[in-house]
$ cat my_file19.pdb   # PDB, N, CA and C atoms
ATOM      1  N   MET A   1     -44.519   7.307 -21.347
ATOM      2  CA  MET A   1     -43.170   7.038 -20.930
ATOM      3  C   MET A   1     -42.916   7.776 -19.616
ATOM      4  N   ILE A   2     -42.178   7.120 -18.717
ATOM      5  CA  ILE A   2     -41.867   7.705 -17.420
ATOM      6  C   ILE A   2     -40.436   8.216 -17.421
ATOM      7  N   GLU A   3     -40.261   9.431 -16.954
ATOM      8  CA  GLU A   3     -38.926  10.004 -16.859
ATOM      9  C   GLU A   3     -38.557  10.142 -15.392
ATOM     10  N   THR A   4     -37.385   9.665 -15.033
ATOM     11  CA  THR A   4     -36.936   9.776 -13.649
ATOM     12  C   THR A   4     -35.624  10.546 -13.603
ATOM     13  N   SER A   5     -35.375  11.161 -12.471
ATOM     14  CA  SER A   5     -34.120  11.878 -12.284
ATOM     15  C   SER A   5     -33.819  11.955 -10.797
ATOM     16  N   THR A   6     -32.603  12.311 -10.487
ATOM     17  CA  THR A   6     -32.195  12.507  -9.101
ATOM     18  C   THR A   6     -31.736  13.945  -8.931
ATOM     19  N   PRO A   7     -31.923  14.485  -7.742
ATOM     20  CA  PRO A   7     -31.504  15.873  -7.530
ATOM     21  C   PRO A   7     -29.982  15.994  -7.603
ATOM     22  N   ALA A   8     -29.520  17.180  -7.961
ATOM     23  CA  ALA A   8     -28.087  17.426  -8.082
ATOM     24  C   ALA A   8     -27.404  17.442  -6.719
ATOM     25  N   THR A   9     -28.138  17.801  -5.674
ATOM     26  CA  THR A   9     -27.560  17.830  -4.336
ATOM     27  C   THR A   9     -28.207  16.755  -3.482
ATOM     28  N   ASN A  10     -27.474  16.255  -2.547
ATOM     29  CA  ASN A  10     -27.986  15.249  -1.635
ATOM     30  C   ASN A  10     -28.728  15.940  -0.507
ATOM     31  N   SER A  11     -29.994  15.622  -0.335
ATOM     32  CA  SER A  11     -30.793  16.280   0.678
ATOM     33  C   SER A  11     -30.676  15.612   2.040
ATOM     34  N   LEU A  12     -29.969  14.488   2.112
ATOM     35  CA  LEU A  12     -29.812  13.802   3.387
ATOM     36  C   LEU A  12     -28.683  14.433   4.188
ATOM     37  N   PRO A  13     -28.879  14.553   5.495
ATOM     38  CA  PRO A  13     -27.794  15.128   6.306
ATOM     39  C   PRO A  13     -26.620  14.148   6.408
ATOM     40  N   LYS A  14     -25.442  14.695   6.595
ATOM     41  CA  LYS A  14     -24.250  13.868   6.727
ATOM     42  C   LYS A  14     -24.322  13.133   8.065
ATOM     43  N   THR A  15     -24.169  11.827   8.015
ATOM     44  CA  THR A  15     -24.245  11.035   9.238
ATOM     45  C   THR A  15     -22.886  10.973   9.901
ATOM     46  N   LYS A  16     -22.881  10.551  11.136
ATOM     47  CA  LYS A  16     -21.645  10.447  11.888
ATOM     48  C   LYS A  16     -20.707   9.414  11.265
ATOM     49  N   ALA A  17     -21.263   8.385  10.650
ATOM     50  CA  ALA A  17     -20.454   7.340  10.030
ATOM     51  C   ALA A  17     -19.673   7.874   8.843
ATOM     52  N   GLU A  18     -20.162   8.907   8.187
ATOM     53  CA  GLU A  18     -19.493   9.471   7.030
ATOM     54  C   GLU A  18     -18.354  10.399   7.418
ATOM     55  N   SER A  19     -18.391  10.923   8.625
ATOM     56  CA  SER A  19     -17.300  11.790   9.062
ATOM     57  C   SER A  19     -16.194  10.926   9.664
ATOM     58  N   SER A  20     -15.024  11.497   9.795
ATOM     59  CA  SER A  20     -13.913  10.717  10.317
ATOM     60  C   SER A  20     -14.064  10.567  11.827
ATOM     61  N   LEU A  21     -13.908   9.347  12.303
ATOM     62  CA  LEU A  21     -14.020   9.045  13.721
ATOM     63  C   LEU A  21     -12.709   8.475  14.223
ATOM     64  N   ASN A  22     -12.381   8.786  15.443
ATOM     65  CA  ASN A  22     -11.249   8.187  16.109
ATOM     66  C   ASN A  22     -11.765   7.109  17.046
ATOM     67  N   ALA A  23     -10.912   6.187  17.430
ATOM     68  CA  ALA A  23     -11.312   5.139  18.366
ATOM     69  C   ALA A  23     -11.748   5.749  19.690
ATOM     70  N   ASP A  24     -11.204   6.921  20.035
ATOM     71  CA  ASP A  24     -11.574   7.582  21.286
ATOM     72  C   ASP A  24     -13.001   8.101  21.271
ATOM     73  N   ASP A  25     -13.559   8.317  20.083
ATOM     74  CA  ASP A  25     -14.915   8.832  19.953
ATOM     75  C   ASP A  25     -15.970   7.747  20.142
ATOM     76  N   LEU A  26     -15.552   6.498  20.191
ATOM     77  CA  LEU A  26     -16.485   5.380  20.283
ATOM     78  C   LEU A  26     -16.883   5.108  21.722
ATOM     79  N   GLY A  27     -18.060   4.505  21.880
ATOM     80  CA  GLY A  27     -18.519   4.102  23.195
ATOM     81  C   GLY A  27     -17.799   2.843  23.648
ATOM     82  N   GLU A  28     -18.091   2.404  24.849
ATOM     83  CA  GLU A  28     -17.418   1.231  25.418
ATOM     84  C   GLU A  28     -17.663  -0.029  24.589
ATOM     85  N   ASP A  29     -18.904  -0.234  24.134
ATOM     86  CA  ASP A  29     -19.222  -1.414  23.315
ATOM     87  C   ASP A  29     -18.495  -1.380  21.975
ATOM     88  N   GLU A  30     -18.480  -0.197  21.356
ATOM     89  CA  GLU A  30     -17.808  -0.067  20.069
ATOM     90  C   GLU A  30     -16.305  -0.260  20.202
ATOM     91  N   GLN A  31     -15.708   0.269  21.270
ATOM     92  CA  GLN A  31     -14.276   0.084  21.497
ATOM     93  C   GLN A  31     -13.939  -1.380  21.724
ATOM     94  N   SER A  32     -14.812  -2.078  22.439
ATOM     95  CA  SER A  32     -14.600  -3.505  22.677
ATOM     96  C   SER A  32     -14.644  -4.279  21.366
ATOM     97  N   PHE A  33     -15.631  -3.951  20.529
ATOM     98  CA  PHE A  33     -15.745  -4.607  19.225
ATOM     99  C   PHE A  33     -14.542  -4.295  18.351
ATOM    100  N   TYR A  34     -14.144  -3.027  18.323
ATOM    101  CA  TYR A  34     -12.992  -2.614  17.512
ATOM    102  C   TYR A  34     -11.728  -3.329  17.986
ATOM    103  N   SER A  35     -11.554  -3.419  19.279
ATOM    104  CA  SER A  35     -10.377  -4.104  19.819
ATOM    105  C   SER A  35     -10.352  -5.567  19.418
ATOM    106  N   SER A  36     -11.538  -6.186  19.344
ATOM    107  CA  SER A  36     -11.593  -7.604  18.995
ATOM    108  C   SER A  36     -11.282  -7.864  17.523
ATOM    109  N   ILE A  37     -11.521  -6.889  16.648
ATOM    110  CA  ILE A  37     -11.262  -7.107  15.215
ATOM    111  C   ILE A  37     -10.041  -6.349  14.707
ATOM    112  N   LYS A  38      -9.392  -5.563  15.568
ATOM    113  CA  LYS A  38      -8.280  -4.719  15.141
ATOM    114  C   LYS A  38      -7.147  -5.532  14.521
ATOM    115  N   SER A  39      -6.780  -6.646  15.128
ATOM    116  CA  SER A  39      -5.677  -7.442  14.584
ATOM    117  C   SER A  39      -6.039  -8.019  13.221
ATOM    118  N   ASP A  40      -7.290  -8.429  13.040
ATOM    119  CA  ASP A  40      -7.727  -8.942  11.736
ATOM    120  C   ASP A  40      -7.705  -7.842  10.678
ATOM    121  N   LEU A  41      -8.104  -6.649  11.059
ATOM    122  CA  LEU A  41      -8.075  -5.525  10.123
ATOM    123  C   LEU A  41      -6.645  -5.168   9.739
ATOM    124  N   ASN A  42      -5.741  -5.242  10.696
ATOM    125  CA  ASN A  42      -4.339  -4.924  10.414
ATOM    126  C   ASN A  42      -3.720  -5.943   9.464
ATOM    127  N   THR A  43      -4.144  -7.197   9.524
ATOM    128  CA  THR A  43      -3.605  -8.191   8.603
ATOM    129  C   THR A  43      -4.122  -7.973   7.185
ATOM    130  N   LEU A  44      -5.267  -7.310   7.058
ATOM    131  CA  LEU A  44      -5.823  -7.023   5.740
ATOM    132  C   LEU A  44      -5.172  -5.810   5.086
ATOM    133  N   ALA A  45      -4.542  -4.956   5.877
ATOM    134  CA  ALA A  45      -3.908  -3.751   5.336
ATOM    135  C   ALA A  45      -2.755  -4.149   4.425
ATOM    136  N   ARG A  46      -2.653  -3.470   3.306
ATOM    137  CA  ARG A  46      -1.615  -3.772   2.324
ATOM    138  C   ARG A  46      -0.791  -2.526   2.046
ATOM    139  N   ASN A  47       0.485  -2.714   1.911
ATOM    140  CA  ASN A  47       1.395  -1.643   1.517
ATOM    141  C   ASN A  47       2.122  -2.115   0.272
ATOM    142  N   PRO A  48       1.606  -1.772  -0.911
ATOM    143  CA  PRO A  48       2.221  -2.260  -2.140
ATOM    144  C   PRO A  48       3.604  -1.654  -2.363
ATOM    145  N   ALA A  49       4.432  -2.404  -3.041
ATOM    146  CA  ALA A  49       5.768  -1.914  -3.385
ATOM    147  C   ALA A  49       5.654  -0.793  -4.413
ATOM    148  N   GLU A  50       6.655   0.071  -4.442
ATOM    149  CA  GLU A  50       6.666   1.187  -5.387
ATOM    150  C   GLU A  50       6.600   0.695  -6.832
ATOM    151  N   LYS A  51       7.231  -0.440  -7.101
ATOM    152  CA  LYS A  51       7.221  -1.013  -8.451
ATOM    153  C   LYS A  51       5.797  -1.417  -8.852
ATOM    154  N   THR A  52       5.057  -1.959  -7.911
ATOM    155  CA  THR A  52       3.676  -2.362  -8.186
ATOM    156  C   THR A  52       2.827  -1.148  -8.542
ATOM    157  N   ILE A  53       2.984  -0.082  -7.787
ATOM    158  CA  ILE A  53       2.217   1.136  -8.047
ATOM    159  C   ILE A  53       2.554   1.705  -9.417
ATOM    160  N   SER A  54       3.841   1.770  -9.731
ATOM    161  CA  SER A  54       4.223   2.325 -11.032
ATOM    162  C   SER A  54       3.745   1.436 -12.178
ATOM    163  N   SER A  55       3.748   0.121 -11.974
ATOM    164  CA  SER A  55       3.236  -0.787 -13.011
ATOM    165  C   SER A  55       1.745  -0.558 -13.253
ATOM    166  N   LEU A  56       0.997  -0.372 -12.182
ATOM    167  CA  LEU A  56      -0.441  -0.113 -12.315
ATOM    168  C   LEU A  56      -0.697   1.223 -13.011
ATOM    169  N   LEU A  57       0.075   2.230 -12.642
ATOM    170  CA  LEU A  57      -0.087   3.542 -13.284
ATOM    171  C   LEU A  57       0.260   3.475 -14.764
ATOM    172  N   ASP A  58       1.336   2.772 -15.098
ATOM    173  CA  ASP A  58       1.715   2.615 -16.511
ATOM    174  C   ASP A  58       0.633   1.897 -17.286
ATOM    175  N   TYR A  59       0.066   0.859 -16.688
ATOM    176  CA  TYR A  59      -0.988   0.098 -17.356
ATOM    177  C   TYR A  59      -2.228   0.984 -17.577
ATOM    178  N   SER A  60      -2.614   1.739 -16.539
ATOM    179  CA  SER A  60      -3.822   2.574 -16.685
ATOM    180  C   SER A  60      -3.616   3.672 -17.727
ATOM    181  N   LYS A  61      -2.394   4.167 -17.870
ATOM    182  CA  LYS A  61      -2.120   5.190 -18.879
ATOM    183  C   LYS A  61      -2.158   4.623 -20.287
ATOM    184  N   SER A  62      -1.900   3.312 -20.408
ATOM    185  CA  SER A  62      -1.877   2.688 -21.729
ATOM    186  C   SER A  62      -3.270   2.380 -22.263
ATOM    187  N   LEU A  63      -4.274   2.477 -21.418
ATOM    188  CA  LEU A  63      -5.643   2.135 -21.852
ATOM    189  C   LEU A  63      -6.264   3.198 -22.696
TER     190      LEU A  63
END

$ encode --input "my_file19.pdb" --output "structure tokens"
Amino acid sequence: MIETSTPATNSLPKTKAESSLNADDLGEDEQSFYSSIKSDLNTLARNPAEKTISSLLDYSKSL
């Protein structure tokens, strides 16, 4: 029988993508790409109503 496991700590270094980046930190190509998709990303952003949040919390507490 084969036993496998993973280490408790991640041995990979933290990449730049995992840290928080601002649009100012991007290169010219990345800023151009971000600018081209920014409006589409903004349309995907959702701000749920307070009632929706409380309904979800009530439901999760009932489980």

$ atom_distance --input "my_file19.pdb" --atom1 "atom CA of A:Leu57" --atom2 "atom CA of A:Thr43"
25.1 Å

$ atom_distance --input "my_file19.pdb" --atom1 "atom N of A:Lys61" --atom2 "atom C of A:Asn42"
29.2 Å

$ atom_distance --input "my_file19.pdb" --atom1 "atom C of A:Asn22" --atom2 "atom N of A:Asn47"
21.8 Å

$ select_by_dssp --input "my_file19.pdb" --residues "stretch 21-63 of chain A" --states "alpha helix (DSSP H)" --output "PyMOL selection string"
chain A and resi 28-44+50-62
